[in-house]
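Enquirer: This is protein-v4.pdb, which holds PDB, C-alpha atoms:
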ATOM      1  CA  MET A 313     -20.446  41.408 -45.638
ATOM      2  CA  ALA A 314     -20.497  37.876 -44.238
ATOM      3  CA  ARG A 315     -17.566  36.617 -42.196
ATOM      4  CA  ARG A 316     -16.065  33.150 -41.816
ATOM      5  CA  TYR A 317     -14.683  31.967 -38.498
ATOM      6  CA  VAL A 318     -12.738  28.728 -38.100
ATOM      7  CA  MET A 319     -12.315  27.391 -34.564
ATOM      8  CA  ALA A 320      -9.745  24.750 -33.631
ATOM      9  CA  THR A 321      -7.491  23.616 -30.836
ATOM     10  CA  ARG A 322      -4.198  25.489 -30.686
ATOM     11  CA  GLU A 323      -0.860  23.811 -29.933
ATOM     12  CA  ASP A 324      -1.220  24.857 -26.262
ATOM     13  CA  GLY A 325      -4.473  22.838 -26.037
ATOM     14  CA  LEU A 326      -6.876  25.793 -25.886
ATOM     15  CA  SER A 327      -9.627  26.334 -28.423
ATOM     16  CA  ASP A 328      -9.481  29.558 -30.387
ATOM     17  CA  VAL A 329     -10.570  31.261 -33.588
ATOM     18  CA  ILE A 330      -7.664  30.416 -35.902
ATOM     19  CA  ILE A 331      -9.028  31.906 -39.137
ATOM     20  CA  GLU A 332     -11.242  34.966 -39.408
ATOM     21  CA  ASN A 333     -11.965  36.704 -42.685
ATOM     22  CA  GLU A 334     -14.636  38.241 -44.878
ATOM     23  CA  VAL A 335     -16.353  35.839 -47.229
ATOM     24  CA  THR A 336     -15.859  36.874 -50.821
ATOM     25  CA  GLN A 337     -19.247  37.338 -52.418
ATOM     26  CA  GLY A 338     -19.914  35.284 -55.514
ATOM     27  CA  SER A 339     -22.274  32.756 -57.006
ATOM     28  CA  VAL A 340     -20.289  29.872 -55.460
ATOM     29  CA  VAL A 341     -18.240  30.252 -52.270
ATOM     30  CA  ASP A 342     -16.432  27.312 -50.720
ATOM     31  CA  LEU A 343     -16.156  27.804 -46.964
ATOM     32  CA  TRP A 344     -14.194  24.633 -46.209
ATOM     33  CA  ILE A 345     -12.948  21.486 -47.944
ATOM     34  CA  ASN A 346     -11.804  18.310 -46.265
ATOM     35  CA  ARG A 347      -9.779  15.912 -48.363
ATOM     36  CA  GLU A 348     -10.590  12.743 -46.436
ATOM     37  CA  THR A 349     -13.113  11.197 -44.095
ATOM     38  CA  PRO A 350     -12.625  11.004 -41.238
ATOM     39  CA  ALA A 351     -11.318  14.554 -41.563
ATOM     40  CA  ASP A 352      -7.829  15.426 -40.315
ATOM     41  CA  ILE A 353      -8.636  18.269 -37.897
ATOM     42  CA  SER A 354      -5.003  18.778 -36.955
ATOM     43  CA  LEU A 355      -4.495  20.709 -40.195
ATOM     44  CA  HIS A 356      -5.291  24.395 -39.675
ATOM     45  CA  ALA A 357      -4.375  25.889 -43.063
ATOM     46  CA  ASP A 358      -7.219  27.173 -45.232
ATOM     47  CA  PRO A 359      -7.943  24.395 -47.780
ATOM     48  CA  THR A 360     -10.186  26.458 -50.074
ATOM     49  CA  HIS A 361      -9.134  27.942 -53.390
ATOM     50  CA  PRO A 362     -10.568  30.812 -55.456
ATOM     51  CA  VAL A 363     -11.921  28.694 -58.314
ATOM     52  CA  PRO A 364     -14.110  25.904 -56.912
ATOM     53  CA  ASP A 365     -14.242  22.399 -58.295
ATOM     54  CA  HIS A 366     -17.724  21.048 -58.882
ATOM     55  CA  GLU A 367     -17.259  18.046 -56.604
ATOM     56  CA  PRO A 368     -15.285  17.310 -53.437
ATOM     57  CA  PRO A 369     -12.026  15.367 -53.558
ATOM     58  CA  ASP A 370     -12.282  11.559 -53.382
ATOM     59  CA  GLY A 371     -13.190  10.685 -49.789
ATOM     60  CA  GLY A 372     -13.725  14.342 -48.851
ATOM     61  CA  ALA A 373     -16.442  16.964 -48.526
ATOM     62  CA  ILE A 374     -17.121  20.627 -49.286
ATOM     63  CA  PHE A 375     -19.070  23.180 -47.234
ATOM     64  CA  ARG A 376     -20.346  25.647 -49.835
ATOM     65  CA  VAL A 377     -22.750  28.570 -50.235
ATOM     66  CA  VAL A 378     -24.393  29.002 -53.638
ATOM     67  CA  THR A 379     -26.371  32.030 -54.808
ATOM     68  CA  PHE A 380     -28.774  31.411 -57.674
ATOM     69  CA  THR A 381     -30.395  34.246 -59.626
ATOM     70  CA  LYS A 382     -33.096  34.440 -62.258
ATOM     71  CA  GLU A 383     -30.350  35.155 -64.812
ATOM     72  CA  MET A 384     -29.432  31.468 -64.673
ATOM     73  CA  ASN A 385     -32.564  30.831 -66.736
ATOM     74  CA  ALA A 386     -30.677  32.275 -69.718
ATOM     75  CA  LEU A 387     -28.282  29.310 -69.509
ATOM     76  CA  THR A 388     -28.211  27.369 -72.757
ATOM     77  CA  ALA A 389     -27.350  23.704 -73.196
ATOM     78  CA  GLU A 390     -24.088  24.703 -74.895
ATOM     79  CA  MET A 391     -23.172  27.051 -72.033
ATOM     80  CA  ALA A 392     -23.970  24.330 -69.478
ATOM     81  CA  VAL A 393     -21.716  21.758 -71.159
ATOM     82  CA  ALA A 394     -18.851  24.279 -71.294
ATOM     83  CA  MET A 395     -19.419  25.193 -67.623
ATOM     84  CA  HIS A 396     -19.293  21.537 -66.534
ATOM     85  CA  GLN A 397     -16.089  21.012 -68.499
ATOM     86  CA  GLN A 398     -14.525  24.092 -66.860
ATOM     87  CA  LEU A 399     -15.621  22.925 -63.367
ATOM     88  CA  LYS A 400     -14.087  19.485 -64.017
ATOM     89  CA  SER A 401     -17.423  17.783 -63.399
ATOM     90  CA  VAL A 402     -17.165  14.001 -63.199
ATOM     91  CA  HIS A 403     -20.361  13.653 -65.239
ATOM     92  CA  VAL A 404     -20.601  16.222 -68.040
ATOM     93  CA  PRO A 405     -24.129  16.014 -69.438
ATOM     94  CA  THR A 406     -24.311  15.562 -73.191
ATOM     95  CA  LEU A 407     -25.539  18.396 -75.338
ATOM     96  CA  GLU A 408     -28.345  16.161 -76.606
ATOM     97  CA  TYR A 409     -29.522  15.391 -73.058
ATOM     98  CA  LEU A 410     -29.499  19.045 -71.987
ATOM     99  CA  LYS A 411     -31.358  20.197 -75.109
ATOM    100  CA  ALA A 412     -34.167  17.757 -74.246
ATOM    101  CA  ALA A 413     -34.035  18.303 -70.450
ATOM    102  CA  LYS A 414     -36.560  20.469 -68.587
ATOM    103  CA  HIS A 415     -33.718  22.904 -67.726
ATOM    104  CA  PRO A 416     -30.086  23.176 -68.891
ATOM    105  CA  SER A 417     -28.883  23.237 -65.260
ATOM    106  CA  MET A 418     -29.616  19.497 -64.982
ATOM    107  CA  HIS A 419     -26.552  17.513 -63.909
ATOM    108  CA  LYS A 420     -25.374  14.571 -61.818
ATOM    109  CA  THR A 421     -22.604  14.285 -59.238
ATOM    110  CA  ASP A 422     -21.065  11.374 -57.342
ATOM    111  CA  THR A 423     -21.999  13.025 -54.048
ATOM    112  CA  LEU A 424     -24.440  12.957 -51.171
ATOM    113  CA  ASN A 425     -25.614  16.566 -50.806
ATOM    114  CA  TYR A 426     -27.281  18.308 -47.884
ATOM    115  CA  PHE A 427     -28.915  21.601 -48.894
ATOM    116  CA  VAL A 428     -30.544  24.265 -46.698
ATOM    117  CA  VAL A 429     -32.319  27.228 -48.281
ATOM    118  CA  VAL A 430     -31.087  30.345 -46.460
ATOM    119  CA  SER A 431     -33.042  32.973 -48.409
ATOM    120  CA  GLY A 432     -35.145  33.347 -51.535
ATOM    121  CA  ARG A 433     -37.152  30.683 -53.340
ATOM    122  CA  ILE A 434     -35.794  28.087 -55.754
ATOM    123  CA  TRP A 435     -37.153  25.123 -57.647
ATOM    124  CA  ALA A 436     -35.238  21.869 -57.062
ATOM    125  CA  LEU A 437     -35.638  19.950 -60.311
ATOM    126  CA  SER A 438     -35.568  16.212 -60.894
ATOM    127  CA  GLU A 439     -36.356  14.301 -64.042
ATOM    128  CA  ASP A 440     -39.880  13.791 -62.648
ATOM    129  CA  LYS A 441     -41.239  15.820 -59.694
ATOM    130  CA  ASP A 442     -39.986  19.341 -58.931
ATOM    131  CA  VAL A 443     -40.183  21.018 -55.513
ATOM    132  CA  LEU A 444     -40.376  24.729 -54.697
ATOM    133  CA  LEU A 445     -38.001  25.345 -51.787
ATOM    134  CA  GLU A 446     -38.311  28.303 -49.411
ATOM    135  CA  PRO A 447     -36.126  29.592 -46.556
ATOM    136  CA  GLY A 448     -35.673  26.913 -43.926
ATOM    137  CA  ASP A 449     -36.434  24.029 -46.319
ATOM    138  CA  TYR A 450     -33.948  21.179 -46.648
ATOM    139  CA  ILE A 451     -33.172  18.761 -49.429
ATOM    140  CA  ILE A 452     -30.969  15.681 -49.332
ATOM    141  CA  GLN A 453     -29.856  14.750 -52.821
ATOM    142  CA  HIS A 454     -28.399  11.300 -53.544
ATOM    143  CA  GLY A 455     -26.155  11.625 -56.591
ATOM    144  CA  CYS A 456     -29.037  11.758 -59.062
ATOM    145  CA  MET A 457     -29.755  14.005 -62.021
ATOM    146  CA  HIS A 458     -30.956  17.367 -60.685
ATOM    147  CA  GLY A 459     -31.073  21.062 -61.490
ATOM    148  CA  TRP A 460     -32.216  24.451 -60.221
ATOM    149  CA  ARG A 461     -34.523  27.225 -61.400
ATOM    150  CA  VAL A 462     -35.237  30.646 -59.886
ATOM    151  CA  GLU A 463     -38.369  32.478 -61.010
ATOM    152  CA  SER A 464     -38.285  35.421 -58.596
ATOM    153  CA  ASP A 465     -36.213  38.589 -58.884
ATOM    154  CA  GLU A 466     -34.845  37.780 -55.393
ATOM    155  CA  PRO A 467     -31.733  35.570 -55.460
ATOM    156  CA  ALA A 468     -31.911  32.201 -53.711
ATOM    157  CA  VAL A 469     -29.061  31.381 -51.338
ATOM    158  CA  ILE A 470     -28.380  27.761 -50.427
ATOM    159  CA  ALA A 471     -25.910  26.394 -47.880
ATOM    160  CA  ALA A 472     -24.638  23.009 -49.014
ATOM    161  CA  VAL A 473     -22.492  20.153 -47.778
ATOM    162  CA  LEU A 474     -21.273  17.954 -50.631
ATOM    163  CA  ILE A 475     -19.857  14.574 -49.561
ATOM    164  CA  ASP A 476     -17.984  12.221 -51.868
ATOM    165  CA  ALA A 477     -20.120   9.107 -52.383
ATOM    166  CA  LYS A 478     -20.095   5.659 -53.952
ATOM    167  CA  ILE A 479     -22.646   5.191 -56.706
TER     168      ILE A 479
END
Give the structure from this file in structure tokens form.

Expert:
Amino acid sequence: MARRYVMATREDGLSDVIIENEVTQGSVVDLWINRETPADISLHADPTHPVPDHEPPDGGAIFRVVTFTKEMNALTAEMAVAMHQQLKSVHVPTLEYLKAAKHPSMHKTDTLNYFVVVSGRIWALSEDKDVLLEPGDYIIQHGCMHGWRVESDEPAVIAAVLIDAKI
């Protein structure tokens, strides 16, 4: 089981681990959310919540871990639209677009994303060229239409920082 540690400066001026807990396993786990940039690091309460939003708050960022499995290939265009509505996505792809897209996971966010592949292999999809990512590979995604596909039986785990952006 993975653990999360949050270090900060205590009121007495010394640095310390102020939050320590097990990370709940799931397909999407938010490790930290800041609501503004520059971030207010005087706030020590845990800003995450059990049901993640798709995008960070205006002016903020999310540190997230996402696990993708081959089962995501069973996603239909109808399921994808419903998922984006449930996640409160800013840009919900149309059913028509997703039915014609190379994969129903295609979507767009108003974010600058930094992705690092931790384990497994995953295809990063664009509307043109796709890239097979392996552990240790990085991708910087600039608020464009993108999606994901896993072909292996091994899940792909990605660490991500999603930053609110101007488009």

Enquirer: Out of A:Asp328, A:Asp370, A:Asp465, A:Asp342, which residue has the shortest atom-to-atom distance to Asp358 in chain A when counting only C-alpha atoms?

Expert: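 Looking only at the distances to Asp358 in chain A, the closest residue turns out to be A:Asp342.
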
Enquirer: Between CA of Ser438 in chain A and CA of Lys382 in chain A, what is the distance in Å, rounded to a tenth?

Expert: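 Atom-to-atom, CA of Ser438 in chain A to CA of Lys382 in chain A, that is 18.4 Å.
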
Enquirer: Any chance you could work out the residue set of the PyMOL selection byres ((chain A and resi 316) around 7) here, as a PyMOL selection string?

Expert: chain A and resi 314-315+317-318+332-335

Enquirer: Name the residues in contact with His366 in chain A at a cut-off of 10 Å, using all atoms listed in the file, excluding same-chain residues fewer than 2 positions from it; report them as a list in words.

Expert: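 Within the cut-off, the hits are Val340, Val363, Pro364, Pro368, Pro369, Ile374, Met395, His396, Gln397, Gln398, Leu399, Lys400, Ser401, Val402, Thr421 and Leu474 of chain A.
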
Enquirer: Go ahead and write the selection's residues with C-alpha atoms as a PDB file, in the coordinates of the input.

Expert:
ATOM      1  CA  VAL A 340     -20.289  29.872 -55.460  1.00  0.00           C
ATOM      2  CA  VAL A 363     -11.921  28.694 -58.314  1.00  0.00           C
ATOM      3  CA  PRO A 364     -14.110  25.904 -56.912  1.00  0.00           C
ATOM      4  CA  PRO A 368     -15.285  17.310 -53.437  1.00  0.00           C
ATOM      5  CA  PRO A 369     -12.026  15.367 -53.558  1.00  0.00           C
ATOM      6  CA  ILE A 374     -17.121  20.627 -49.286  1.00  0.00           C
ATOM      7  CA  MET A 395     -19.419  25.193 -67.623  1.00  0.00           C
ATOM      8  CA  HIS A 396     -19.293  21.537 -66.534  1.00  0.00           C
ATOM      9  CA  GLN A 397     -16.089  21.012 -68.499  1.00  0.00           C
ATOM     10  CA  GLN A 398     -14.525  24.092 -66.860  1.00  0.00           C
ATOM     11  CA  LEU A 399     -15.621  22.925 -63.367  1.00  0.00           C
ATOM     12  CA  LYS A 400     -14.087  19.485 -64.017  1.00  0.00           C
ATOM     13  CA  SER A 401     -17.423  17.783 -63.399  1.00  0.00           C
ATOM     14  CA  VAL A 402     -17.165  14.001 -63.199  1.00  0.00           C
ATOM     15  CA  THR A 421     -22.604  14.285 -59.238  1.00  0.00           C
ATOM     16  CA  LEU A 474     -21.273  17.954 -50.631  1.00  0.00           C
TER      17      LEU A 474
END

Enquirer: Give me the residues near Glu439 in chain A as a PDB file with C-alpha atoms, in the frame of the given file, where near means some atom within 10 Å (using all atoms listed in the file) and where sequence neighbours in that chain fewer than 6 positions away do not count.

Expert:
ATOM      1  CA  ALA A 413     -34.035  18.303 -70.450  1.00  0.00           C
ATOM      2  CA  LYS A 414     -36.560  20.469 -68.587  1.00  0.00           C
ATOM      3  CA  HIS A 415     -33.718  22.904 -67.726  1.00  0.00           C
ATOM      4  CA  MET A 418     -29.616  19.497 -64.982  1.00  0.00           C
ATOM      5  CA  CYS A 456     -29.037  11.758 -59.062  1.00  0.00           C
ATOM      6  CA  MET A 457     -29.755  14.005 -62.021  1.00  0.00           C
ATOM      7  CA  HIS A 458     -30.956  17.367 -60.685  1.00  0.00           C
ATOM      8  CA  GLY A 459     -31.073  21.062 -61.490  1.00  0.00           C
TER       9      GLY A 459
END

Enquirer: Of the residues A:Val429, A:Val341, A:Asp422, A:Gln453, which is the one nearest to Lys478 in chain A, using only C-alpha atoms?

Expert: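 Closest residue, counting only C-alpha atoms: A:Asp422.
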
Enquirer: Kindly give the distance, in Å, that separates CA of Leu445 in chain A and CA of Asn425 in chain A, rounded to a single decimal.

Expert: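 For CA of Leu445 in chain A relative to CA of Asn425 in chain A, the distance reads 15.2 Å.
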
Enquirer: What's around range 347-352 of chain A at 6 Å? Count all atoms listed in the file, leave out sequence neighbours fewer than 2 positions away in its own chain, and write the answer as a ChimeraX atom specification.

Expert: /A:354,369,371-372

Enquirer: If I take CA of His419 in chain A and CA of Leu407 in chain A, how far is one from the other in Å, to one decimal?

Expert: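 Here the two named atoms are 11.5 Å from each other.
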
Enquirer: Please identify all polymer residues within 12 Å of Met391 in chain A, counting only C-alpha atoms, omitting same-chain residues fewer than 6 positions from it, and present them as a ChimeraX atom specification.

Expert: /A:384-385,397-398,404-407,410-411,416-417
